[in-house]
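S.K.: Below you'll find run.cif; it's mmCIF, C-alpha atoms.
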data_my_file
#
loop_
_atom_site.label_atom_id
_atom_site.label_comp_id
_atom_site.auth_asym_id
_atom_site.auth_seq_id
_atom_site.Cartn_x
_atom_site.Cartn_y
_atom_site.Cartn_z
CA MET A 1075 91.05 78.87 48.25
CA THR A 1076 89.14 82.14 48.65
CA GLN A 1077 88.94 82.59 44.88
CA GLN A 1078 87.47 79.10 44.47
CA ALA A 1079 84.85 79.81 47.14
CA SER A 1080 83.87 83.12 45.54
CA HIS A 1081 83.71 81.43 42.12
CA SER A 1082 81.36 78.77 43.48
CA ASN A 1083 79.12 81.44 44.98
CA LEU A 1084 78.72 83.05 41.56
CA GLN A 1085 77.32 79.82 40.04
CA PRO A 1086 73.52 79.97 39.61
CA ALA A 1087 71.58 77.87 42.12
CA HIS A 1088 69.37 75.14 40.73
CA ASP A 1089 65.63 75.45 41.32
CA PRO A 1090 64.68 72.41 43.44
CA ALA A 1091 61.08 72.56 42.25
CA TRP A 1092 61.72 72.80 38.52
CA ARG A 1093 60.60 69.24 37.85
CA ILE A 1094 57.27 69.87 39.60
CA ARG A 1095 56.71 73.08 37.64
CA VAL A 1096 57.55 71.49 34.29
CA THR A 1097 55.35 68.46 35.03
CA ALA A 1098 52.43 70.68 36.12
CA THR A 1099 52.80 72.79 32.96
CA LEU A 1100 52.79 69.72 30.72
CA CYS A 1101 49.74 68.29 32.49
CA MET A 1102 47.89 71.58 32.03
CA LEU A 1103 48.74 71.64 28.34
CA VAL A 1104 47.58 68.04 27.92
CA LEU A 1105 44.27 68.87 29.59
CA LEU A 1106 43.85 72.17 27.73
CA TRP A 1107 44.60 70.86 24.25
CA PRO A 1108 41.38 68.82 23.74
CA MET A 1109 39.34 71.75 25.08
CA LEU A 1110 40.92 74.07 22.52
CA LEU A 1111 40.09 71.55 19.78
CA ILE A 1112 36.47 71.24 20.90
CA THR A 1113 36.00 75.02 20.98
CA GLU A 1114 37.71 75.40 17.57
CA PHE A 1115 40.05 78.00 19.08
CA LYS A 1116 41.93 79.64 16.18
CA PRO A 1117 43.40 82.97 17.32
CA TRP A 1118 45.44 83.38 14.13
CA GLN A 1119 42.20 84.19 12.30
CA LEU A 1120 42.27 87.60 13.99
CA ILE A 1121 45.29 88.65 11.92
CA ASP A 1122 43.88 87.33 8.64
CA ALA A 1123 43.63 90.00 5.93
CA GLN A 1124 39.87 89.61 5.62
CA SER A 1125 39.37 89.81 9.39
CA LEU A 1126 41.61 92.87 9.67
CA GLY A 1127 39.65 94.61 6.90
CA ALA A 1128 36.31 93.84 8.55
CA THR A 1129 37.65 95.04 11.90
CA TRP A 1130 38.82 98.32 10.40
CA ARG A 1131 35.48 98.95 8.68
CA PHE A 1132 33.65 98.22 11.93
CA LEU A 1133 35.85 100.36 14.17
CA SER A 1134 36.17 103.29 11.76
CA GLY A 1135 32.48 104.05 12.28
CA PHE A 1136 33.08 104.53 16.01
CA PHE A 1137 34.77 107.92 15.57
CA PRO A 1138 33.77 110.49 16.43
CA PRO A 1139 31.30 109.23 19.07
CA ALA A 1140 27.74 110.51 18.83
CA HIS A 1141 27.36 113.56 21.03
CA SER A 1142 24.14 115.32 20.08
CA THR A 1143 22.11 116.63 23.02
CA GLU A 1144 19.06 114.58 22.09
CA PHE A 1145 21.02 111.35 21.91
CA LEU A 1146 22.94 112.02 25.14
CA LEU A 1147 19.62 112.54 26.96
CA ILE A 1148 18.44 109.17 25.64
CA VAL A 1149 21.66 107.52 26.83
CA LEU A 1150 21.34 109.19 30.24
CA GLU A 1151 17.80 107.87 30.63
CA ALA A 1152 18.92 104.36 29.61
CA THR A 1153 21.84 104.52 32.06
CA TRP A 1154 19.56 105.53 34.92
CA GLN A 1155 17.21 102.68 33.94
CA THR A 1156 20.15 100.25 34.08
CA ILE A 1157 20.99 101.35 37.62
CA ALA A 1158 17.32 101.07 38.59
CA ILE A 1159 17.08 97.53 37.19
CA ALA A 1160 20.14 96.43 39.16
CA THR A 1161 19.01 98.08 42.40
CA ALA A 1162 15.38 96.90 42.23
CA GLY A 1163 16.43 93.38 41.25
CA LEU A 1164 18.94 93.15 44.08
CA THR A 1165 16.37 94.43 46.58
CA LEU A 1166 13.90 91.73 45.56
CA ALA A 1167 16.72 89.19 45.72
CA LEU A 1168 17.41 90.22 49.32
CA LEU A 1169 13.74 89.76 50.22
CA GLY A 1170 13.96 86.20 48.94
CA ALA A 1171 17.46 85.36 50.13
CA ILE A 1172 17.20 86.43 53.78
CA PRO A 1173 14.33 84.08 54.77
CA MET A 1174 15.99 81.17 52.98
CA THR A 1175 19.28 81.98 54.72
CA LEU A 1176 17.57 81.78 58.10
CA ILE A 1177 16.09 78.40 57.19
CA VAL A 1178 19.25 76.73 55.89
CA ASN A 1179 21.52 78.08 58.64
CA GLU A 1180 22.15 75.09 60.91
CA HIS A 1181 23.33 77.30 63.78
CA LEU A 1182 19.73 78.52 64.13
CA SER A 1183 18.28 75.01 64.42
CA ILE A 1184 16.36 74.62 67.69
CA SER A 1185 15.95 70.86 67.32
CA ARG A 1186 19.70 70.27 67.66
CA ILE A 1187 19.91 72.08 71.02
CA GLY A 1188 20.85 69.57 73.71
CA SER A 1189 21.23 66.44 71.61
CA GLY A 1190 23.41 68.07 68.95
CA ARG A 1191 21.44 66.22 66.25
CA MET A 1192 18.95 67.95 64.01
CA HIS A 1193 15.41 66.61 63.73
CA GLY A 1194 14.66 64.68 60.54
CA MET A 1195 11.92 67.03 59.31
CA ALA A 1196 14.09 70.07 60.01
CA ARG A 1197 16.96 68.53 58.07
CA LEU A 1198 14.62 67.70 55.17
CA LEU A 1199 13.27 71.25 55.09
CA ARG A 1200 16.76 72.71 55.05
CA GLN A 1201 17.83 70.38 52.26
CA MET A 1202 14.80 71.35 50.15
CA VAL A 1203 15.59 75.05 50.57
CA ARG A 1204 19.24 74.39 49.68
CA TRP A 1205 18.14 72.70 46.45
CA LYS A 1206 15.91 75.69 45.74
CA LEU A 1207 18.94 77.96 46.10
CA VAL A 1208 20.88 75.69 43.75
CA LEU A 1209 18.07 75.89 41.18
CA LEU A 1210 17.86 79.68 41.33
CA ARG A 1211 21.58 80.36 40.94
CA SER A 1212 22.22 77.58 38.40
CA VAL A 1213 20.12 79.38 35.77
CA PRO A 1214 22.02 82.48 34.55
CA GLU A 1215 20.22 85.79 34.71
CA LEU A 1216 20.45 86.04 30.92
CA VAL A 1217 18.35 82.88 30.56
CA TRP A 1218 15.83 84.13 33.12
CA ALA A 1219 15.66 87.41 31.17
CA LEU A 1220 14.88 85.54 27.94
CA LEU A 1221 12.06 83.67 29.68
CA PHE A 1222 10.55 86.79 31.25
CA VAL A 1223 10.76 88.74 27.99
CA ARG A 1224 8.46 86.07 26.57
CA LEU A 1225 6.16 86.31 29.60
CA VAL A 1226 5.94 90.05 30.32
CA GLY A 1227 7.27 91.50 27.06
CA LEU A 1228 10.21 93.76 26.30
CA GLY A 1229 11.36 96.18 28.97
CA PRO A 1230 13.07 96.50 32.33
CA THR A 1231 10.54 94.33 34.21
CA ALA A 1232 12.12 91.21 32.71
CA GLY A 1233 15.57 92.35 33.85
CA VAL A 1234 14.39 93.02 37.41
CA PHE A 1235 12.84 89.56 37.71
CA ALA A 1236 15.92 87.90 36.20
CA ILE A 1237 18.32 89.54 38.65
CA ALA A 1238 15.97 88.88 41.57
CA LEU A 1239 15.82 85.14 40.94
CA THR A 1240 19.48 84.46 40.15
CA TYR A 1241 20.86 86.71 42.86
CA ALA A 1242 18.47 85.34 45.48
CA GLY A 1243 20.14 81.97 44.98
CA MET A 1244 23.64 83.45 45.09
CA LEU A 1245 23.01 85.66 48.12
CA GLY A 1246 21.22 82.92 50.05
CA LYS A 1247 24.08 80.46 49.56
CA VAL A 1248 26.88 82.88 50.44
CA TYR A 1249 24.99 84.44 53.35
CA ALA A 1250 24.48 81.00 54.89
CA GLU A 1251 28.16 80.12 54.45
CA ILE A 1252 29.28 83.41 56.03
CA LEU A 1253 26.98 82.94 59.03
CA GLU A 1254 27.97 79.29 59.54
CA ALA A 1255 31.67 80.20 59.37
CA ASN A 1256 31.33 82.55 62.35
CA ASP A 1257 31.43 81.48 65.99
CA ALA A 1258 28.04 80.10 67.04
CA HIS A 1259 28.57 80.42 70.81
CA ALA A 1260 26.39 83.53 71.20
CA THR A 1261 23.64 82.08 69.01
CA ASP A 1262 23.61 78.78 70.94
CA SER A 1263 23.46 80.60 74.26
CA LEU A 1264 20.44 82.62 73.20
CA LEU A 1265 18.61 79.57 71.83
CA ARG A 1266 19.34 77.54 74.97
CA ASN A 1267 17.80 80.29 77.10
CA GLY A 1268 14.53 80.26 75.17
CA SER A 1269 15.23 82.94 72.57
CA SER A 1270 13.47 82.81 69.22
CA ARG A 1271 15.45 82.06 66.08
CA LEU A 1272 15.02 85.61 64.78
CA THR A 1273 16.28 87.13 68.04
CA ALA A 1274 19.22 84.71 68.11
CA PHE A 1275 20.06 85.73 64.57
CA LEU A 1276 19.80 89.48 65.19
CA TYR A 1277 21.76 89.53 68.45
CA GLY A 1278 23.94 86.44 68.15
CA ALA A 1279 24.98 85.79 64.54
CA LEU A 1280 24.44 89.12 62.75
CA PRO A 1281 26.77 91.48 64.69
CA ASN A 1282 29.93 89.50 63.86
CA ALA A 1283 28.97 88.72 60.27
CA ALA A 1284 27.44 92.10 59.32
CA PRO A 1285 30.58 93.68 57.74
CA GLU A 1286 31.20 90.66 55.50
CA LEU A 1287 27.52 90.37 54.58
CA ILE A 1288 27.29 94.03 53.61
CA SER A 1289 30.55 93.87 51.66
CA TYR A 1290 29.34 90.90 49.62
CA THR A 1291 25.96 92.57 49.01
CA ILE A 1292 27.66 95.69 47.64
CA TYR A 1293 29.82 93.52 45.38
CA ARG A 1294 26.70 91.80 44.06
CA TRP A 1295 25.11 95.18 43.34
CA GLU A 1296 28.15 96.02 41.23
CA CYS A 1297 27.77 92.72 39.37
CA ALA A 1298 24.04 93.37 38.90
CA ILE A 1299 24.80 96.63 37.07
CA ARG A 1300 27.04 94.79 34.61
CA GLY A 1301 24.49 92.00 34.26
CA SER A 1302 21.63 94.42 33.59
CA VAL A 1303 23.55 95.87 30.63
CA VAL A 1304 24.10 92.40 29.15
CA MET A 1305 20.43 91.46 29.63
CA GLY A 1306 19.45 94.53 27.63
CA PHE A 1307 20.64 92.72 24.50
CA VAL A 1308 17.75 90.27 24.86
CA GLY A 1309 15.19 93.04 25.33
CA ALA A 1310 15.33 93.55 29.11
CA GLY A 1311 15.65 97.33 28.89
CA GLY A 1312 18.40 99.68 29.95
CA LEU A 1313 21.63 100.65 28.25
CA GLY A 1314 22.13 97.22 26.68
CA GLN A 1315 18.86 97.38 24.77
CA ARG A 1316 19.73 100.80 23.36
CA MET A 1317 23.15 99.52 22.35
CA ASP A 1318 21.62 96.52 20.62
CA GLU A 1319 19.29 98.77 18.63
CA SER A 1320 22.20 100.97 17.52
CA MET A 1321 24.27 97.95 16.50
CA LYS A 1322 21.40 96.62 14.40
CA MET A 1323 21.22 100.00 12.63
CA LEU A 1324 25.02 99.88 12.11
CA SER A 1325 25.38 103.18 13.94
CA GLY A 1326 28.97 102.87 15.16
CA ALA A 1327 29.08 106.40 16.58
CA GLU A 1328 26.13 105.71 18.89
CA VAL A 1329 27.63 102.39 19.96
CA SER A 1330 30.91 104.13 20.72
CA THR A 1331 29.20 106.67 22.99
CA MET A 1332 27.31 103.97 24.88
CA LEU A 1333 30.47 101.89 25.30
CA ILE A 1334 32.17 104.89 26.88
CA VAL A 1335 29.18 105.42 29.18
CA PHE A 1336 29.15 101.73 30.05
CA VAL A 1337 32.84 101.77 31.01
CA LEU A 1338 32.29 104.89 33.13
CA LEU A 1339 29.23 103.34 34.77
CA VAL A 1340 31.08 100.16 35.75
CA GLY A 1341 34.05 102.22 36.94
CA ILE A 1342 31.82 104.39 39.15
CA ALA A 1343 30.08 101.31 40.54
CA ASP A 1344 33.46 99.74 41.30
CA LEU A 1345 34.63 102.93 43.02
CA ALA A 1346 31.46 103.15 45.10
CA SER A 1347 31.88 99.50 46.07
CA LYS A 1348 35.47 100.10 47.24
CA LEU A 1349 34.46 103.17 49.24
CA PHE A 1350 31.71 101.23 51.00
CA ARG A 1351 34.11 98.39 51.82
CA LYS A 1352 36.69 100.81 53.23
CA ALA A 1353 34.01 102.44 55.35
CA LEU A 1354 33.09 99.02 56.76
CA ALA A 1355 36.71 97.98 57.43
#
For this file, produce the structure as structure tokens.
M.R.:
Amino acid sequence: MTQQASHSNLQPAHDPAWRIRVTATLCMLVLLWPMLLITEFKPWQLIDAQSLGATWRFLSGFFPPAHSTEFLLIVLEATWQTIAIATAGLTLALLGAIPMTLIVNEHLSISRIGSGRMHGMARLLRQMVRWKLVLLRSVPELVWALLFVRLVGLGPTAGVFAIALTYAGMLGKVYAEILEANDAHATDSLLRNGSSRLTAFLYGALPNAAPELISYTIYRWECAIRGSVVMGFVGAGGLGQRMDESMKMLSGAEVSTMLIVFVLLVGIADLASKLFRKALA
């Protein structure tokens, strides 16, 4: 009897959710298949003899990386310009996002105090600002950069404007959601006692939400550094523009050096972001 019980314990248990997992996998494949057809996804082309030969010719020019003093100074200047584009663009984005956040935040609505219902004009104004935030963040910074390159010419100015517009929409939306997710008791109390909206925001809503707001802002600065490199390929200055010029001249060694610098730059930005978040925790 004991041997039979021990033998039954050794039998593998059936997964009760296997049908759900198999069904979900099949549904995902059914949905994914037409998308792969539309995008003409053919990964086997990567191991084609012609593709492998072209890849080898392209990568063989990457070694050794360019390391002359003159070129490294140029890369250093372009890297510093990339950081400046990201920082200046994010600063302008904050100047645009903060006022719009105060407008769309329903917790700061004075007209709803007492009745609990917002005035029609106040609701309309908030909705218009929300649509403005949607417009700003729906256009990628790369598209804004292309437009501003046509308007102001090649250079970092186009990149600063592009980051400022797109990130103003992103920051304004997320800031409003963070503030509205926090307890509004302190804000309501200040508004009921005659406080201005700005005072209610500074002393009621901001103290609780400040760590999360700062953490998200730092994360966006990290994203802005990556975005400023990409925008350089359309003429918006920085490290990306230098890399594009080297690729057009088929200078693989220079491209290799700038790729290494780019990886280091993103890694340092990520490390700085983590340190700031730990300091805020």
S.K.: Skipping near chain neighbours, those fewer than 4 positions away, what residues fall within 12 Å of region 1345-1347 of chain A using all atoms listed in the file, listed as a ChimeraX atom specification?
M.R.: /A:1288-1297,1299,1338-1341,1351-1354
S.K.: Tell me which of A:Pro1108, A:Gly1170, A:Gly1306, A:Gly1311 sits closest to Leu1216 (chain A), counting all atoms listed in the file.
M.R.: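 Going through A:Pro1108, A:Gly1170, A:Gly1306, A:Gly1311 one by one, the smallest distance to Leu1216 (chain A) is for A:Gly1306.
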S.K.: With a distance cut-off of 8 Å and all atoms listed in the file, select the neighbouring residues of region 1231-1247 of chain A, excluding the residue or stretch itself and same-chain residues fewer than 4 positions from it, and output the selection as a VMD selection string.
M.R.: chain A and resid 1159 to 1160 1162 to 1168 1170 to 1172 1174 to 1175 1204 1206 to 1220 1222 to 1223 1226 to 1227 1251 1291 1294 1298 1301 to 1302 1305 to 1306 1310 to 1311
S.K.: Quick one, how far is CA of Trp1130 (chain A) from CA of Val1329 (chain A)?
M.R.: 15.3 Å
S.K.: I'd like to know which of A:Asn1282, A:Ser1269, A:Ser1263, A:Asn1179 is closest to Ala1250 (chain A), using only C-alpha atoms.
M.R.: A:Asn1179
S.K.: From the list A:Val1149, A:Ala1343, A:Val1337, A:Ala1283, which residue is nearest Met1317 (chain A) when using all atoms listed in the file?
M.R.: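 Ranked by minimum distance to Met1317 (chain A), first place goes to A:Val1149.
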S.K.: Have a look at CA of Leu1287 (chain A) and CA of Val1203 (chain A) and let me know their distance in Å, one decimal.
M.R.: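 It comes out at 19.8 Å.
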S.K.: When you look at Leu1324 (chain A) with a cut-off of 12 Å (counting only C-alpha atoms), what residues show up, excluding the ones that are within fewer than 5 positions of it in the same chain? I need them as a list in words.
M.R.: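 Residues meeting the cut-off are Arg1131, Phe1132, Leu1133, Ser1134, Gly1135, Phe1136, Met1317, Asp1318, Glu1319, Val1329 and Ser1330 of chain A.
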S.K.: Could you please give me, as a list in words, the residues of protein, DNA or RNA lying at most 12 Å from (16.3, 82.4, 71.3) in the coordinate frame of the file, considering only C-alpha atoms?
M.R.: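 Result, sorted by chain then residue number: His1181, Leu1182, Ser1183, Ile1184, Ile1187, Ala1260, Thr1261, Asp1262, Ser1263, Leu1264, Leu1265, Arg1266, Asn1267, Gly1268, Ser1269, Ser1270, Arg1271, Leu1272, Thr1273, Ala1274, Phe1275, Leu1276, Tyr1277, Gly1278 and Ala1279 of chain A.
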S.K.: Print the selection's residues with C-alpha atoms to a file, as a PDB file, keeping the file's coordinate frame.
M.R.:
ATOM      1  CA  HIS A1181      23.330  77.300  63.780  1.00  0.00           C
ATOM      2  CA  LEU A1182      19.730  78.520  64.130  1.00  0.00           C
ATOM      3  CA  SER A1183      18.280  75.010  64.420  1.00  0.00           C
ATOM      4  CA  ILE A1184      16.360  74.620  67.690  1.00  0.00           C
ATOM      5  CA  ILE A1187      19.910  72.080  71.020  1.00  0.00           C
ATOM      6  CA  ALA A1260      26.390  83.530  71.200  1.00  0.00           C
ATOM      7  CA  THR A1261      23.640  82.080  69.010  1.00  0.00           C
ATOM      8  CA  ASP A1262      23.610  78.780  70.940  1.00  0.00           C
ATOM      9  CA  SER A1263      23.460  80.600  74.260  1.00  0.00           C
ATOM     10  CA  LEU A1264      20.440  82.620  73.200  1.00  0.00           C
ATOM     11  CA  LEU A1265      18.610  79.570  71.830  1.00  0.00           C
ATOM     12  CA  ARG A1266      19.340  77.540  74.970  1.00  0.00           C
ATOM     13  CA  ASN A1267      17.800  80.290  77.100  1.00  0.00           C
ATOM     14  CA  GLY A1268      14.530  80.260  75.170  1.00  0.00           C
ATOM     15  CA  SER A1269      15.230  82.940  72.570  1.00  0.00           C
ATOM     16  CA  SER A1270      13.470  82.810  69.220  1.00  0.00           C
ATOM     17  CA  ARG A1271      15.450  82.060  66.080  1.00  0.00           C
ATOM     18  CA  LEU A1272      15.020  85.610  64.780  1.00  0.00           C
ATOM     19  CA  THR A1273      16.280  87.130  68.040  1.00  0.00           C
ATOM     20  CA  ALA A1274      19.220  84.710  68.110  1.00  0.00           C
ATOM     21  CA  PHE A1275      20.060  85.730  64.570  1.00  0.00           C
ATOM     22  CA  LEU A1276      19.800  89.480  65.190  1.00  0.00           C
ATOM     23  CA  TYR A1277      21.760  89.530  68.450  1.00  0.00           C
ATOM     24  CA  GLY A1278      23.940  86.440  68.150  1.00  0.00           C
ATOM     25  CA  ALA A1279      24.980  85.790  64.540  1.00  0.00           C
TER      26      ALA A1279
END
S.K.: Taking into account all atoms listed in the file, which residue in the set A:Leu1150, A:Leu1110, A:Ile1177, A:Leu1169 is nearest to Met1202 (chain A)?
M.R.: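 Checking each of A:Leu1150, A:Leu1110, A:Ile1177, A:Leu1169 against Met1202 (chain A), counting all atoms listed in the file, the winner is A:Ile1177.
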S.K.: In Å, how far is it from CA of Gly1326 (chain A) to CA of Lys1116 (chain A)?
M.R.: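 We find that CA of Gly1326 (chain A) and CA of Lys1116 (chain A) lie 26.6 Å from each other.
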S.K.: Go through A:Pro1139, A:Thr1156, A:Leu1349, A:Cys1101 one by one, measure the shortest atom-to-atom distance of each to Leu1333 (chain A) using only C-alpha atoms, and give the residue with the smallest value.
M.R.: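 Going through A:Pro1139, A:Thr1156, A:Leu1349, A:Cys1101 one by one, the smallest distance to Leu1333 (chain A) is for A:Pro1139.
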